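Engineer: Below is data-v5.pdb; it holds PDB, N, CA and C atoms.
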```pdb
ATOM      1  N   MET A   1     104.227  77.555 104.162
ATOM      2  CA  MET A   1     103.997  77.036 102.827
ATOM      3  C   MET A   1     105.292  76.472 102.305
ATOM      4  N   HIS A   2     105.228  75.301 101.759
ATOM      5  CA  HIS A   2     106.442  74.704 101.206
ATOM      6  C   HIS A   2     106.550  75.019  99.722
ATOM      7  N   HIS A   3     106.314  74.098  98.868
ATOM      8  CA  HIS A   3     106.524  74.270  97.439
ATOM      9  C   HIS A   3     105.270  74.826  96.784
ATOM     10  N   THR A   4     105.386  75.966  96.110
ATOM     11  CA  THR A   4     104.225  76.585  95.478
ATOM     12  C   THR A   4     104.180  76.249  94.000
ATOM     13  N   LYS A   5     102.976  76.100  93.486
ATOM     14  CA  LYS A   5     102.771  75.945  92.049
ATOM     15  C   LYS A   5     101.967  77.149  91.609
ATOM     16  N   ALA A   6     102.665  78.131  91.119
ATOM     17  CA  ALA A   6     102.045  79.412  90.808
ATOM     18  C   ALA A   6     101.414  79.407  89.428
ATOM     19  N   ILE A   7     100.296  80.119  89.326
ATOM     20  CA  ILE A   7      99.674  80.351  88.035
ATOM     21  C   ILE A   7     100.561  81.315  87.250
ATOM     22  N   ASN A   8     100.856  82.447  87.814
ATOM     23  CA  ASN A   8     101.798  83.439  87.293
ATOM     24  C   ASN A   8     102.761  83.733  88.422
ATOM     25  N   LYS A   9     104.008  83.996  88.074
ATOM     26  CA  LYS A   9     104.973  84.270  89.135
ATOM     27  C   LYS A   9     106.057  85.210  88.642
ATOM     28  N   LEU A  10     106.637  85.914  89.585
ATOM     29  CA  LEU A  10     107.781  86.782  89.348
ATOM     30  C   LEU A  10     108.901  86.269  90.236
ATOM     31  N   GLU A  11     110.094  86.127  89.675
ATOM     32  CA  GLU A  11     111.222  85.641  90.463
ATOM     33  C   GLU A  11     112.371  86.642  90.396
ATOM     34  N   SER A  12     112.997  86.872  91.550
ATOM     35  CA  SER A  12     114.147  87.771  91.605
ATOM     36  C   SER A  12     115.381  87.054  91.075
ATOM     37  N   CYS A  13     116.430  87.815  90.899
ATOM     38  CA  CYS A  13     117.742  87.229  90.636
ATOM     39  C   CYS A  13     118.201  86.526  91.916
ATOM     40  N   GLU A  14     119.064  85.565  91.750
ATOM     41  CA  GLU A  14     119.612  84.871  92.914
ATOM     42  C   GLU A  14     120.513  85.828  93.696
ATOM     43  N   PHE A  15     120.482  85.694  95.036
ATOM     44  CA  PHE A  15     121.356  86.472  95.909
ATOM     45  C   PHE A  15     121.903  85.558  96.996
ATOM     46  N   SER A  16     122.954  86.011  97.670
ATOM     47  CA  SER A  16     123.605  85.205  98.712
ATOM     48  C   SER A  16     123.514  85.879 100.060
ATOM     49  N   VAL A  17     123.318  85.062 101.092
ATOM     50  CA  VAL A  17     123.364  85.509 102.478
ATOM     51  C   VAL A  17     124.252  84.517 103.216
ATOM     52  N   LYS A  18     125.354  85.023 103.764
ATOM     53  CA  LYS A  18     126.311  84.192 104.491
ATOM     54  C   LYS A  18     126.733  82.961 103.679
ATOM     55  N   GLY A  19     126.901  83.162 102.368
ATOM     56  CA  GLY A  19     127.364  82.093 101.490
ATOM     57  C   GLY A  19     126.275  81.161 100.983
ATOM     58  N   PHE A  20     125.030  81.359 101.397
ATOM     59  CA  PHE A  20     123.911  80.524 100.937
ATOM     60  C   PHE A  20     123.112  81.278  99.882
ATOM     61  N   LYS A  21     122.615  80.538  98.879
ATOM     62  CA  LYS A  21     121.930  81.133  97.737
ATOM     63  C   LYS A  21     120.404  81.060  97.892
ATOM     64  N   PHE A  22     119.745  82.166  97.551
ATOM     65  CA  PHE A  22     118.284  82.275  97.624
ATOM     66  C   PHE A  22     117.789  83.119  96.462
ATOM     67  N   HIS A  23     116.488  83.101  96.238
ATOM     68  CA  HIS A  23     115.819  84.104  95.410
ATOM     69  C   HIS A  23     114.403  84.284  95.944
ATOM     70  N   LEU A  24     113.783  85.390  95.551
ATOM     71  CA  LEU A  24     112.420  85.690  95.977
ATOM     72  C   LEU A  24     111.440  85.263  94.894
ATOM     73  N   LEU A  25     110.293  84.802  95.324
ATOM     74  CA  LEU A  25     109.203  84.423  94.438
ATOM     75  C   LEU A  25     107.982  85.235  94.844
ATOM     76  N   VAL A  26     107.411  85.971  93.903
ATOM     77  CA  VAL A  26     106.199  86.751  94.141
ATOM     78  C   VAL A  26     105.112  86.172  93.249
ATOM     79  N   VAL A  27     103.991  85.825  93.870
ATOM     80  CA  VAL A  27     102.873  85.212  93.154
ATOM     81  C   VAL A  27     101.711  86.211  93.168
ATOM     82  N   PRO A  28     101.517  86.951  92.058
ATOM     83  CA  PRO A  28     100.505  88.012  92.059
ATOM     84  C   PRO A  28      99.070  87.553  91.843
ATOM     85  N   GLU A  29      98.848  86.340  91.380
ATOM     86  CA  GLU A  29      97.498  85.916  90.995
ATOM     87  C   GLU A  29      96.991  84.698  91.752
ATOM     88  N   GLY A  30      97.550  84.371  92.901
ATOM     89  CA  GLY A  30      97.094  83.203  93.642
ATOM     90  C   GLY A  30      97.830  81.943  93.228
ATOM     91  N   LEU A  31      97.525  80.859  93.908
ATOM     92  CA  LEU A  31      98.208  79.589  93.688
ATOM     93  C   LEU A  31      97.309  78.594  92.969
ATOM     94  N   LYS A  32      97.911  77.745  92.171
ATOM     95  CA  LYS A  32      97.184  76.704  91.460
ATOM     96  C   LYS A  32      96.500  75.775  92.466
ATOM     97  N   ASN A  33      95.260  75.425  92.207
ATOM     98  CA  ASN A  33      94.477  74.522  93.057
ATOM     99  C   ASN A  33      94.262  75.064  94.459
ATOM    100  N   SER A  34      94.277  76.366  94.611
ATOM    101  CA  SER A  34      94.109  76.963  95.930
ATOM    102  C   SER A  34      93.263  78.224  95.783
ATOM    103  N   PHE A  35      91.973  78.057  95.552
ATOM    104  CA  PHE A  35      91.092  79.168  95.191
ATOM    105  C   PHE A  35      91.040  80.275  96.228
ATOM    106  N   TYR A  36      91.261  79.969  97.495
ATOM    107  CA  TYR A  36      91.087  80.985  98.520
ATOM    108  C   TYR A  36      92.209  82.007  98.552
ATOM    109  N   GLN A  37      93.330  81.765  97.882
ATOM    110  CA  GLN A  37      94.399  82.767  97.829
ATOM    111  C   GLN A  37      94.241  83.705  96.642
ATOM    112  N   LYS A  38      93.372  83.375  95.679
ATOM    113  CA  LYS A  38      93.189  84.279  94.549
ATOM    114  C   LYS A  38      92.752  85.640  95.088
ATOM    115  N   GLY A  39      93.229  86.672  94.446
ATOM    116  CA  GLY A  39      92.946  88.015  94.941
ATOM    117  C   GLY A  39      93.970  88.488  95.949
ATOM    118  N   HIS A  40      95.029  87.678  96.139
ATOM    119  CA  HIS A  40      96.102  88.025  97.072
ATOM    120  C   HIS A  40      97.455  87.886  96.389
ATOM    121  N   ILE A  41      98.428  88.585  96.925
ATOM    122  CA  ILE A  41      99.805  88.481  96.471
ATOM    123  C   ILE A  41     100.572  87.649  97.487
ATOM    124  N   GLY A  42     101.244  86.609  97.012
ATOM    125  CA  GLY A  42     102.069  85.773  97.870
ATOM    126  C   GLY A  42     103.540  86.126  97.700
ATOM    127  N   VAL A  43     104.302  86.032  98.789
ATOM    128  CA  VAL A  43     105.735  86.331  98.769
ATOM    129  C   VAL A  43     106.467  85.188  99.458
ATOM    130  N   PHE A  44     107.508  84.658  98.805
ATOM    131  CA  PHE A  44     108.210  83.481  99.295
ATOM    132  C   PHE A  44     109.716  83.623  99.125
ATOM    133  N   LEU A  45     110.470  83.015 100.038
ATOM    134  CA  LEU A  45     111.919  82.900  99.935
ATOM    135  C   LEU A  45     112.226  81.486  99.452
ATOM    136  N   VAL A  46     113.010  81.377  98.373
ATOM    137  CA  VAL A  46     113.329  80.079  97.787
ATOM    138  C   VAL A  46     114.762  79.699  98.153
ATOM    139  N   ASN A  47     114.932  78.490  98.675
ATOM    140  CA  ASN A  47     116.239  77.937  99.016
ATOM    141  C   ASN A  47     116.844  77.328  97.754
ATOM    142  N   ASP A  48     117.873  77.973  97.194
ATOM    143  CA  ASP A  48     118.526  77.495  95.970
ATOM    144  C   ASP A  48     119.726  76.597  96.262
ATOM    145  N   ASN A  49     119.868  76.178  97.496
ATOM    146  CA  ASN A  49     121.010  75.353  97.886
ATOM    147  C   ASN A  49     120.670  73.872  97.770
ATOM    148  N   ASP A  50     121.692  73.042  97.880
ATOM    149  CA  ASP A  50     121.509  71.588  97.782
ATOM    150  C   ASP A  50     121.250  70.941  99.127
ATOM    151  N   LYS A  51     120.955  71.747 100.149
ATOM    152  CA  LYS A  51     120.641  71.180 101.459
ATOM    153  C   LYS A  51     119.552  71.987 102.143
ATOM    154  N   GLU A  52     118.881  71.367 103.074
ATOM    155  CA  GLU A  52     117.846  72.032 103.869
ATOM    156  C   GLU A  52     118.498  73.046 104.793
ATOM    157  N   LEU A  53     117.837  74.190 104.975
ATOM    158  CA  LEU A  53     118.367  75.244 105.837
ATOM    159  C   LEU A  53     117.312  75.724 106.825
ATOM    160  N   ASN A  54     117.753  76.134 108.019
ATOM    161  CA  ASN A  54     116.887  76.839 108.970
ATOM    162  C   ASN A  54     117.058  78.325 108.695
ATOM    163  N   VAL A  55     115.953  79.019 108.435
ATOM    164  CA  VAL A  55     116.026  80.395 107.966
ATOM    165  C   VAL A  55     115.097  81.294 108.770
ATOM    166  N   THR A  56     115.569  82.490 109.055
ATOM    167  CA  THR A  56     114.748  83.569 109.603
ATOM    168  C   THR A  56     114.732  84.672 108.559
ATOM    169  N   CYS A  57     113.551  85.204 108.268
ATOM    170  CA  CYS A  57     113.442  86.199 107.202
ATOM    171  C   CYS A  57     112.338  87.200 107.486
ATOM    172  N   ASN A  58     112.594  88.467 107.179
ATOM    173  CA  ASN A  58     111.577  89.519 107.177
ATOM    174  C   ASN A  58     111.289  89.889 105.731
ATOM    175  N   PHE A  59     110.025  89.974 105.381
ATOM    176  CA  PHE A  59     109.615  90.512 104.091
ATOM    177  C   PHE A  59     108.980  91.872 104.351
ATOM    178  N   THR A  60     109.335  92.862 103.532
ATOM    179  CA  THR A  60     108.754  94.195 103.659
ATOM    180  C   THR A  60     108.255  94.655 102.300
ATOM    181  N   ILE A  61     106.987  95.062 102.259
ATOM    182  CA  ILE A  61     106.417  95.746 101.101
ATOM    183  C   ILE A  61     105.719  96.980 101.661
ATOM    184  N   ALA A  62     106.155  98.151 101.190
ATOM    185  CA  ALA A  62     105.628  99.426 101.692
ATOM    186  C   ALA A  62     105.794  99.457 103.214
ATOM    187  N   ASP A  63     104.703  99.613 103.964
ATOM    188  CA  ASP A  63     104.799  99.697 105.421
ATOM    189  C   ASP A  63     104.436  98.384 106.118
ATOM    190  N   LYS A  64     104.284  97.307 105.351
ATOM    191  CA  LYS A  64     103.905  96.020 105.943
ATOM    192  C   LYS A  64     105.123  95.106 106.036
ATOM    193  N   VAL A  65     105.326  94.523 107.218
ATOM    194  CA  VAL A  65     106.427  93.593 107.465
ATOM    195  C   VAL A  65     105.839  92.285 107.976
ATOM    196  N   MET A  66     106.280  91.179 107.391
ATOM    197  CA  MET A  66     105.907  89.854 107.895
ATOM    198  C   MET A  66     107.200  89.067 108.066
ATOM    199  N   LYS A  67     107.245  88.252 109.112
ATOM    200  CA  LYS A  67     108.481  87.564 109.486
ATOM    201  C   LYS A  67     108.208  86.096 109.757
ATOM    202  N   PHE A  68     109.162  85.248 109.360
ATOM    203  CA  PHE A  68     109.167  83.876 109.861
ATOM    204  C   PHE A  68     110.520  83.624 110.507
ATOM    205  N   THR A  69     110.523  82.791 111.541
ATOM    206  CA  THR A  69     111.713  82.566 112.349
ATOM    207  C   THR A  69     112.071  81.096 112.397
ATOM    208  N   GLU A  70     113.329  80.797 112.086
ATOM    209  CA  GLU A  70     113.877  79.447 112.188
ATOM    210  C   GLU A  70     113.004  78.390 111.488
ATOM    211  N   ASN A  71     112.516  78.721 110.295
ATOM    212  CA  ASN A  71     111.751  77.753 109.515
ATOM    213  C   ASN A  71     112.711  76.919 108.677
ATOM    214  N   GLN A  72     112.456  75.635 108.601
ATOM    215  CA  GLN A  72     113.258  74.756 107.761
ATOM    216  C   GLN A  72     112.735  74.838 106.335
ATOM    217  N   ILE A  73     113.635  75.151 105.414
ATOM    218  CA  ILE A  73     113.275  75.186 103.998
ATOM    219  C   ILE A  73     114.092  74.104 103.304
ATOM    220  N   GLU A  74     113.404  73.141 102.736
ATOM    221  CA  GLU A  74     114.081  72.066 102.012
ATOM    222  C   GLU A  74     114.802  72.631 100.796
ATOM    223  N   SER A  75     115.783  71.904 100.316
ATOM    224  CA  SER A  75     116.507  72.284  99.113
ATOM    225  C   SER A  75     115.533  72.448  97.952
ATOM    226  N   LYS A  76     115.689  73.562  97.227
ATOM    227  CA  LYS A  76     114.882  73.876  96.042
ATOM    228  C   LYS A  76     113.397  74.078  96.350
ATOM    229  N   HIS A  77     113.056  74.362  97.604
ATOM    230  CA  HIS A  77     111.682  74.653  98.020
ATOM    231  C   HIS A  77     111.630  76.062  98.597
ATOM    232  N   ASN A  78     110.462  76.463  99.049
ATOM    233  CA  ASN A  78     110.310  77.831  99.533
ATOM    234  C   ASN A  78     109.473  77.880 100.803
ATOM    235  N   TRP A  79     109.496  79.060 101.405
ATOM    236  CA  TRP A  79     108.676  79.335 102.592
ATOM    237  C   TRP A  79     108.254  80.791 102.506
ATOM    238  N   GLY A  80     107.016  81.062 102.876
ATOM    239  CA  GLY A  80     106.572  82.447 102.833
ATOM    240  C   GLY A  80     105.104  82.577 103.158
ATOM    241  N   PHE A  81     104.494  83.582 102.560
ATOM    242  CA  PHE A  81     103.127  83.962 102.910
ATOM    243  C   PHE A  81     102.247  84.003 101.660
ATOM    244  N   GLU A  82     101.242  83.144 101.616
ATOM    245  CA  GLU A  82     100.323  83.075 100.481
ATOM    246  C   GLU A  82      99.457  84.320 100.380
ATOM    247  N   LYS A  83      99.194  84.945 101.515
ATOM    248  CA  LYS A  83      98.318  86.117 101.558
ATOM    249  C   LYS A  83      99.045  87.312 102.158
ATOM    250  N   PHE A  84     100.137  87.721 101.521
ATOM    251  CA  PHE A  84     100.876  88.869 102.056
ATOM    252  C   PHE A  84     100.022  90.125 101.975
ATOM    253  N   PHE A  85      99.437  90.369 100.829
ATOM    254  CA  PHE A  85      98.557  91.520 100.602
ATOM    255  C   PHE A  85      97.386  91.082  99.746
ATOM    256  N   SER A  86      96.218  91.656 100.006
ATOM    257  CA  SER A  86      95.123  91.496  99.052
ATOM    258  C   SER A  86      95.428  92.422  97.873
ATOM    259  N   HIS A  87      94.863  92.130  96.709
ATOM    260  CA  HIS A  87      95.065  93.014  95.563
ATOM    261  C   HIS A  87      94.601  94.434  95.888
ATOM    262  N   GLU A  88      93.499  94.531  96.603
ATOM    263  CA  GLU A  88      92.946  95.837  96.963
ATOM    264  C   GLU A  88      93.937  96.643  97.810
ATOM    265  N   LYS A  89      94.492  96.010  98.854
ATOM    266  CA  LYS A  89      95.454  96.703  99.730
ATOM    267  C   LYS A  89      96.735  97.035  98.971
ATOM    268  N   CYS A  90      97.157  96.116  98.111
ATOM    269  CA  CYS A  90      98.377  96.346  97.342
ATOM    270  C   CYS A  90      98.234  97.570  96.453
ATOM    271  N   LYS A  91      97.090  97.720  95.799
ATOM    272  CA  LYS A  91      96.865  98.877  94.921
ATOM    273  C   LYS A  91      97.001 100.184  95.686
ATOM    274  N   GLU A  92      96.613 100.171  96.972
ATOM    275  CA  GLU A  92      96.736 101.375  97.805
ATOM    276  C   GLU A  92      98.201 101.726  98.072
ATOM    277  N   LYS A  93      99.092 100.722  98.014
ATOM    278  CA  LYS A  93     100.505 100.904  98.364
ATOM    279  C   LYS A  93     101.410 101.129  97.163
ATOM    280  N   LEU A  94     100.870 101.049  95.941
ATOM    281  CA  LEU A  94     101.697 101.188  94.754
ATOM    282  C   LEU A  94     102.323 102.574  94.656
ATOM    283  N   THR A  95     103.557 102.609  94.161
ATOM    284  CA  THR A  95     104.249 103.843  93.867
ATOM    285  C   THR A  95     104.579 103.813  92.381
ATOM    286  N   ASN A  96     103.971 104.715  91.629
ATOM    287  CA  ASN A  96     104.140 104.738  90.177
ATOM    288  C   ASN A  96     103.810 103.390  89.545
ATOM    289  N   GLY A  97     102.795 102.726  90.073
ATOM    290  CA  GLY A  97     102.316 101.473  89.501
ATOM    291  C   GLY A  97     103.092 100.231  89.885
ATOM    292  N   SER A  98     104.009 100.336  90.855
ATOM    293  CA  SER A  98     104.794  99.166  91.248
ATOM    294  C   SER A  98     105.085  99.192  92.745
ATOM    295  N   PHE A  99     105.633  98.080  93.229
ATOM    296  CA  PHE A  99     106.067  98.003  94.617
ATOM    297  C   PHE A  99     107.380  97.233  94.679
ATOM    298  N   THR A 100     108.082  97.411  95.788
ATOM    299  CA  THR A 100     109.370  96.743  96.013
ATOM    300  C   THR A 100     109.232  95.773  97.171
ATOM    301  N   VAL A 101     109.777  94.566  96.975
ATOM    302  CA  VAL A 101     109.811  93.561  98.037
ATOM    303  C   VAL A 101     111.228  93.541  98.595
ATOM    304  N   LYS A 102     111.346  93.673  99.909
ATOM    305  CA  LYS A 102     112.653  93.575 100.575
ATOM    306  C   LYS A 102     112.625  92.339 101.471
ATOM    307  N   ALA A 103     113.756  91.624 101.488
ATOM    308  CA  ALA A 103     113.872  90.449 102.353
ATOM    309  C   ALA A 103     115.140  90.560 103.171
TER     310      ALA A 103
END
```
Mind turning the file's structure into structure tokens?
Structural biologist:
Amino acid sequence: MHHTKAINKLESCEFSVKGFKFHLLVVPEGLKNSFYQKGHIGVFLVNDNDKELNVTCNFTIADKVMKFTENQIESKHNWGFEKFFSHEKCKEKLTNGSFTVKA
């Protein structure tokens, strides 16, 4: 997935890896104009740099890990998973009503 247009979204603070800037984007309510993702939580890595990068990333929520390898992310765009968890599965994994995303 490249650039997402989220209905509702949560964004992390910016962080650096090897001098490159990123942030996480979590889309809890599906994507605009994409009815089949509703009912799912999407998780994306956003490239905050001024150049395209090849990126490998693991996302972890609870006991679920999803990985992409050597994906090109354009400047100011993202890459990730539109259907990381269904709302139903996510509710099973909540701890005190919340979850943590690790990248």
Engineer: For the provided coordinates, the residues matched by the PyMOL selection byres (((chain A and resi 90 and name CA) around 12) and name CA) should be stated as a short mmCIF file (atom, residue, chain, number, x, y, z; two decimals) with N, CA and C atoms, in the coordinates of the input.
Structural biologist:
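Generated file (part_27.cif):
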```cif
data_model
loop_
_atom_site.label_atom_id
_atom_site.label_comp_id
_atom_site.auth_asym_id
_atom_site.auth_seq_id
_atom_site.Cartn_x
_atom_site.Cartn_y
_atom_site.Cartn_z
N PRO A 28 101.52 86.95 92.06
CA PRO A 28 100.50 88.01 92.06
C PRO A 28 99.07 87.55 91.84
N GLY A 39 93.23 86.67 94.45
CA GLY A 39 92.95 88.02 94.94
C GLY A 39 93.97 88.49 95.95
N HIS A 40 95.03 87.68 96.14
CA HIS A 40 96.10 88.02 97.07
C HIS A 40 97.46 87.89 96.39
N ILE A 41 98.43 88.58 96.92
CA ILE A 41 99.80 88.48 96.47
C ILE A 41 100.57 87.65 97.49
N GLY A 42 101.24 86.61 97.01
CA GLY A 42 102.07 85.77 97.87
C GLY A 42 103.54 86.13 97.70
N ILE A 61 106.99 95.06 102.26
CA ILE A 61 106.42 95.75 101.10
C ILE A 61 105.72 96.98 101.66
N ALA A 62 106.16 98.15 101.19
CA ALA A 62 105.63 99.43 101.69
C ALA A 62 105.79 99.46 103.21
N ASP A 63 104.70 99.61 103.96
CA ASP A 63 104.80 99.70 105.42
C ASP A 63 104.44 98.38 106.12
N LYS A 64 104.28 97.31 105.35
CA LYS A 64 103.90 96.02 105.94
C LYS A 64 105.12 95.11 106.04
N LYS A 83 99.19 84.94 101.52
CA LYS A 83 98.32 86.12 101.56
C LYS A 83 99.04 87.31 102.16
N PHE A 84 100.14 87.72 101.52
CA PHE A 84 100.88 88.87 102.06
C PHE A 84 100.02 90.12 101.98
N PHE A 85 99.44 90.37 100.83
CA PHE A 85 98.56 91.52 100.60
C PHE A 85 97.39 91.08 99.75
N SER A 86 96.22 91.66 100.01
CA SER A 86 95.12 91.50 99.05
C SER A 86 95.43 92.42 97.87
N HIS A 87 94.86 92.13 96.71
CA HIS A 87 95.06 93.01 95.56
C HIS A 87 94.60 94.43 95.89
N GLU A 88 93.50 94.53 96.60
CA GLU A 88 92.95 95.84 96.96
C GLU A 88 93.94 96.64 97.81
N LYS A 89 94.49 96.01 98.85
CA LYS A 89 95.45 96.70 99.73
C LYS A 89 96.74 97.04 98.97
N LYS A 91 97.09 97.72 95.80
CA LYS A 91 96.86 98.88 94.92
C LYS A 91 97.00 100.18 95.69
N GLU A 92 96.61 100.17 96.97
CA GLU A 92 96.74 101.38 97.80
C GLU A 92 98.20 101.73 98.07
N LYS A 93 99.09 100.72 98.01
CA LYS A 93 100.50 100.90 98.36
C LYS A 93 101.41 101.13 97.16
N LEU A 94 100.87 101.05 95.94
CA LEU A 94 101.70 101.19 94.75
C LEU A 94 102.32 102.57 94.66
N THR A 95 103.56 102.61 94.16
CA THR A 95 104.25 103.84 93.87
C THR A 95 104.58 103.81 92.38
N GLY A 97 102.80 102.73 90.07
CA GLY A 97 102.32 101.47 89.50
C GLY A 97 103.09 100.23 89.88
N SER A 98 104.01 100.34 90.86
CA SER A 98 104.79 99.17 91.25
C SER A 98 105.08 99.19 92.74
N PHE A 99 105.63 98.08 93.23
CA PHE A 99 106.07 98.00 94.62
C PHE A 99 107.38 97.23 94.68
N THR A 100 108.08 97.41 95.79
CA THR A 100 109.37 96.74 96.01
C THR A 100 109.23 95.77 97.17
N VAL A 101 109.78 94.57 96.98
CA VAL A 101 109.81 93.56 98.04
C VAL A 101 111.23 93.54 98.60
#
```
Engineer: Got a sec: who's within 10 Å of A:Asn58, counting only C-alpha atoms, leaving out chain neighbours fewer than 6 positions off, as a list of chain:residue names?
Structural biologist: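 Contacts, in chain order: A:Leu45, A:Val65, A:Met66, A:Lys67, A:Phe68, A:Thr69, A:Gly80, A:Lys102, A:Ala103.
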Engineer: Print the selection's residues with N, CA and C atoms to a file, as a short mmCIF file (atom, residue, chain, number, x, y, z; two decimals), in the frame of the given file.
Structural biologist:
```cif
data_model
loop_
_atom_site.label_atom_id
_atom_site.label_comp_id
_atom_site.auth_asym_id
_atom_site.auth_seq_id
_atom_site.Cartn_x
_atom_site.Cartn_y
_atom_site.Cartn_z
N LEU A 45 110.47 83.02 100.04
CA LEU A 45 111.92 82.90 99.94
C LEU A 45 112.23 81.49 99.45
N VAL A 65 105.33 94.52 107.22
CA VAL A 65 106.43 93.59 107.46
C VAL A 65 105.84 92.28 107.98
N MET A 66 106.28 91.18 107.39
CA MET A 66 105.91 89.85 107.90
C MET A 66 107.20 89.07 108.07
N LYS A 67 107.24 88.25 109.11
CA LYS A 67 108.48 87.56 109.49
C LYS A 67 108.21 86.10 109.76
N PHE A 68 109.16 85.25 109.36
CA PHE A 68 109.17 83.88 109.86
C PHE A 68 110.52 83.62 110.51
N THR A 69 110.52 82.79 111.54
CA THR A 69 111.71 82.57 112.35
C THR A 69 112.07 81.10 112.40
N GLY A 80 107.02 81.06 102.88
CA GLY A 80 106.57 82.45 102.83
C GLY A 80 105.10 82.58 103.16
N LYS A 102 111.35 93.67 99.91
CA LYS A 102 112.65 93.58 100.58
C LYS A 102 112.62 92.34 101.47
N ALA A 103 113.76 91.62 101.49
CA ALA A 103 113.87 90.45 102.35
C ALA A 103 115.14 90.56 103.17
#
```
Engineer: Atom C of A:His23 and atom N of A:Trp79 are how many Å apart?
Structural biologist: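 So the two atoms, atom C of A:His23 and atom N of A:Trp79, lie 9.0 Å apart.
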Engineer: Any idea what the distance is between atom CA of A:Glu82 and atom C of A:Ser12?
Structural biologist: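 Value for the atom CA of A:Glu82-atom C of A:Ser12 distance: 18.2 Å.
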Engineer: Would you compute the distance between atom CA of A:Phe20 and atom C of A:Asn8? Give it in Å to one decimal.
Structural biologist: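 Pair atom CA of A:Phe20 / atom C of A:Asn8 returns 24.8 Å.
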Engineer: Any chance you could work out the residue set of the PyMOL selection byres ((chain A and resi 21) around 6.5) here, as a count of residues only?
Structural biologist: 12
Engineer: For the strand (DSSP E or B) assignment from backbone DSSP, which residues of chain A qualify? Please present them as a ChimeraX atom specification.
Structural biologist: /A:6,10-11,15-17,20-27,31,34,40-47,53-61,64-73,78-86,95,98,101-102
